Amino acid sequence: MLKPAALAGVALIFAGAARAHDYSADIICQVTETDGQRSAWSFAVNTVSADGSPVSTFVETSYLGHGKSVVSQPGSRPVWLMTSNPMGGVTLLPRSNPGWSLVVSNVARSGSTVLGGNATLLHNGALIGVGAVR
């Protein structure tokens with residue numbers, strides 16, 4: 001388990017203007033799944049340290065895919081746990097759906113703007129889809 005200080009350093013790449021109470025996103029992950037379906041998630045920082053940097057969780061502000069379009073309401077948004085990964089990003093784990101993970105890697109930023117990166121969707125370690133981060 002990473003210490004909060006180590007995790008905060010990695011998480012700084014995702015610091016942005018959005019907060020858990022609004023509908024904007026700090027990060028958007030889009031993947032094309034192995035069956036051809038496309039899915040997209042947007043996330044906002046949920047927990048911050050004393051200096052304002054994200055620490056350990058994001059909230060899902062919206063989801064689009066598999067015939068669903070969901071804008072999560074404040075107070076009932078799914079929480080995703082964040083852990084650092086060795087690929088220059090983080091792994092997001094949905095608290096309510098064990099077994100799923102969204103690996104975010106090679107993120108490029110300019111200030112508080114995410115310029116791009118890679119997104120990989122896994123279920124119980126099996127590849128489900130690949131895509132991009134913006």
# chains A, B, ... in the order shown; residues from 1 in each chain; ligands from 1
>>> closest_atom_pairs(of="range 94-132 of chain A", to="range 65-79 of chain A", cutoff="10 Å", atoms="only C-alpha atoms", output="CSV")
residue,atom,partner,partner_atom,distance
A:Pro94,CA,A:Val79,CA,6.1
A:Arg95,CA,A:Val79,CA,5.8
A:Ser96,CA,A:Pro78,CA,7.1
A:Asn97,CA,A:Pro78,CA,9.6
>>> residues_around(residues="Gly89 in chain A", least_positions_apart="5", cutoff="7 Å", atoms="only C-alpha atoms", output="ChimeraX atom specification")
/A:10,84,104-107
>>> closest_residue(among="A:Asn46, A:Val103, A:Ala126, A:Ala132", to="Thr61 in chain A", atoms="only C-alpha atoms")
A:Asn46
>>> residues_around(residues="Leu121 in chain A", least_positions_apart="3", cutoff="9 Å", atoms="only C-alpha atoms", output="list in words")
Val31, Glu33, Trp100, Ser101, Leu102, Val103, Ala126, Leu127, Ile128, Gly129, Val130 and Gly131 of chain A
>>> write_last_selection(atoms="N, CA, C and O atoms", output="PDB file, in the first residue's frame")
ATOM      1  N   VAL A  31     -12.813   4.204 -24.039  1.00  0.00           N
ATOM      2  CA  VAL A  31     -12.253   2.940 -24.502  1.00  0.00           C
ATOM      3  C   VAL A  31     -13.168   2.294 -25.545  1.00  0.00           C
ATOM      4  O   VAL A  31     -14.372   2.490 -25.534  1.00  0.00           O
ATOM      5  N   GLU A  33     -14.133  -1.402 -26.512  1.00  0.00           N
ATOM      6  CA  GLU A  33     -14.041  -2.729 -25.911  1.00  0.00           C
ATOM      7  C   GLU A  33     -13.811  -3.796 -26.980  1.00  0.00           C
ATOM      8  O   GLU A  33     -14.017  -3.546 -28.168  1.00  0.00           O
ATOM      9  N   TRP A 100     -13.253  -4.812 -11.595  1.00  0.00           N
ATOM     10  CA  TRP A 100     -13.025  -3.891 -12.697  1.00  0.00           C
ATOM     11  C   TRP A 100     -11.892  -2.932 -12.355  1.00  0.00           C
ATOM     12  O   TRP A 100     -11.722  -2.556 -11.193  1.00  0.00           O
ATOM     13  N   SER A 101     -11.145  -2.527 -13.351  1.00  0.00           N
ATOM     14  CA  SER A 101     -10.124  -1.495 -13.148  1.00  0.00           C
ATOM     15  C   SER A 101      -9.918  -0.735 -14.451  1.00  0.00           C
ATOM     16  O   SER A 101     -10.067  -1.281 -15.546  1.00  0.00           O
ATOM     17  N   LEU A 102      -9.605   0.522 -14.308  1.00  0.00           N
ATOM     18  CA  LEU A 102      -9.322   1.399 -15.433  1.00  0.00           C
ATOM     19  C   LEU A 102      -7.905   1.919 -15.214  1.00  0.00           C
ATOM     20  O   LEU A 102      -7.650   2.669 -14.280  1.00  0.00           O
ATOM     21  N   VAL A 103      -6.989   1.460 -16.052  1.00  0.00           N
ATOM     22  CA  VAL A 103      -5.578   1.831 -15.916  1.00  0.00           C
ATOM     23  C   VAL A 103      -5.307   3.039 -16.802  1.00  0.00           C
ATOM     24  O   VAL A 103      -5.533   2.985 -18.011  1.00  0.00           O
ATOM     25  N   ALA A 126      -8.374  -9.476 -17.013  1.00  0.00           N
ATOM     26  CA  ALA A 126      -8.511  -9.732 -18.449  1.00  0.00           C
ATOM     27  C   ALA A 126      -8.761  -8.418 -19.198  1.00  0.00           C
ATOM     28  O   ALA A 126      -9.558  -7.582 -18.737  1.00  0.00           O
ATOM     29  N   LEU A 127      -8.123  -8.257 -20.334  1.00  0.00           N
ATOM     30  CA  LEU A 127      -8.303  -7.064 -21.149  1.00  0.00           C
ATOM     31  C   LEU A 127      -9.726  -6.991 -21.704  1.00  0.00           C
ATOM     32  O   LEU A 127     -10.205  -7.940 -22.326  1.00  0.00           O
ATOM     33  N   ILE A 128     -10.380  -5.857 -21.466  1.00  0.00           N
ATOM     34  CA  ILE A 128     -11.730  -5.628 -21.976  1.00  0.00           C
ATOM     35  C   ILE A 128     -11.726  -4.554 -23.060  1.00  0.00           C
ATOM     36  O   ILE A 128     -12.495  -4.622 -24.006  1.00  0.00           O
ATOM     37  N   GLY A 129     -10.855  -3.569 -22.926  1.00  0.00           N
ATOM     38  CA  GLY A 129     -10.816  -2.512 -23.922  1.00  0.00           C
ATOM     39  C   GLY A 129      -9.634  -1.594 -23.744  1.00  0.00           C
ATOM     40  O   GLY A 129      -9.021  -1.550 -22.676  1.00  0.00           O
ATOM     41  N   VAL A 130      -9.304  -0.848 -24.802  1.00  0.00           N
ATOM     42  CA  VAL A 130      -8.226   0.130 -24.766  1.00  0.00           C
ATOM     43  C   VAL A 130      -8.719   1.423 -25.386  1.00  0.00           C
ATOM     44  O   VAL A 130      -9.664   1.439 -26.183  1.00  0.00           O
ATOM     45  N   GLY A 131      -8.077   2.510 -25.003  1.00  0.00           N
ATOM     46  CA  GLY A 131      -8.489   3.795 -25.539  1.00  0.00           C
ATOM     47  C   GLY A 131      -7.587   4.916 -25.076  1.00  0.00           C
ATOM     48  O   GLY A 131      -6.382   4.721 -24.880  1.00  0.00           O
TER      49      GLY A 131
END
>>> atom_distance(atom1="CA of Gly116 in chain A", atom2="CA of Pro98 in chain A")
26.6 Å
>>> atom_distance(atom1="CA of Gly117 in chain A", atom2="CA of Val45 in chain A")
17.7 Å
>>> atom_distance(atom1="CA of Leu115 in chain A", atom2="CA of Ser42 in chain A")
14.7 Å
>>> residues_around(residues="Phe43 in chain A", least_positions_apart="3", cutoff="6 Å", atoms="only C-alpha atoms", output="MDAnalysis selection string")
chainID A and resid 25:27 59:61
